[in-house]
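Peer 1: The following block contains the structure, expressed as structure tokens.
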Amino acid sequence: MMTDMSHPASEPNGSAELSELLQQIRACQLCQAELPLPAKPILQASSQARILIAGQAPGVKNHHKGIPFDDASGERLRAWLNVSREQFYDPALFAIVPMGFCFPGTIERNGKKQGDKPPRPECAATWHAKLLALMPQIELVLVLGQYAIDHHLPRAQAIVTDGALNSQAIAVSTPQANKKITVTQAIEQWALYWPRLMVMPHPSPRNNLWLKQHPEFDRELLPTLQARIADLLASTPDPK
């Protein structure tokens, strides 16, 4: 059954410490002065989750609904993963931890909207390491878009080196932390991080042109990703 996202206390976090941390995060007001709307951290987490979705930040529709990826981007992402809405919103299966937990606002130039502002950096600096340390079952990280790539890929060097994915490895910086790589470059070398991490474009409709120009993403990466996700979901114990 899909979790009622409007009542986060009902989430089967599987950890009293994680539940307490999520309450702290959802009460966070660190960035309020910089936000266009009241702070409303949106995320999904459980100590049982085996797949982590690392995205950008909630859009304005997500902010008003209080549900991550409940928009066109989410519909595309669920299709990419070949999972149902119920599976996607089950925190025991999927953790959703974006770079920024609150809607950061919209970029406007000459009176026209140019997309959302970058995620506020305070979220990752304040909460990510603590949060990921309480999710020890993560076996696959889906890194969506440039901001998540900038944060997670340098840390993935530790994963590639020691061959073990754990929350500490993806939360702790490495000497390569300032090295930049584009979305296209990261996806071209996706096999370097597989099967522990998959780099993906953000599923936003704004990336329709990129997807059209890179049919290999649909043709080569998605079938591989879908098979791995199916295996992980099939082997996940039922918390009930």
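Simple scheme: letters A, B, ... for chains in structure tokens order, numbers from 1 for residues in each chain, numbers from 1 for ligands in the order shown.
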Tell me, as a PyMOL selection string, which residues lie within 12 Å of Ile181 of chain A, counting only C-alpha atoms; anything in the same chain fewer than 6 positions away does not count.

Peer 2: chain A and resi 145-154+187-189+199

Peer 1: Measuring atom to atom with only C-alpha atoms, identify which of A:Cys28, A:Leu52, A:Leu132, A:Leu209 is nearest to Arg196 of chain A.

Peer 2: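 Closest candidate: A:Leu52.
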
Peer 1: If you run DSSP over the backbone, which residues in segment 18-52 of chain A end up helix (DSSP H, G or I)? Put them as a VMD selection string.

Peer 2: chain A and resid 18 to 26 32 to 34
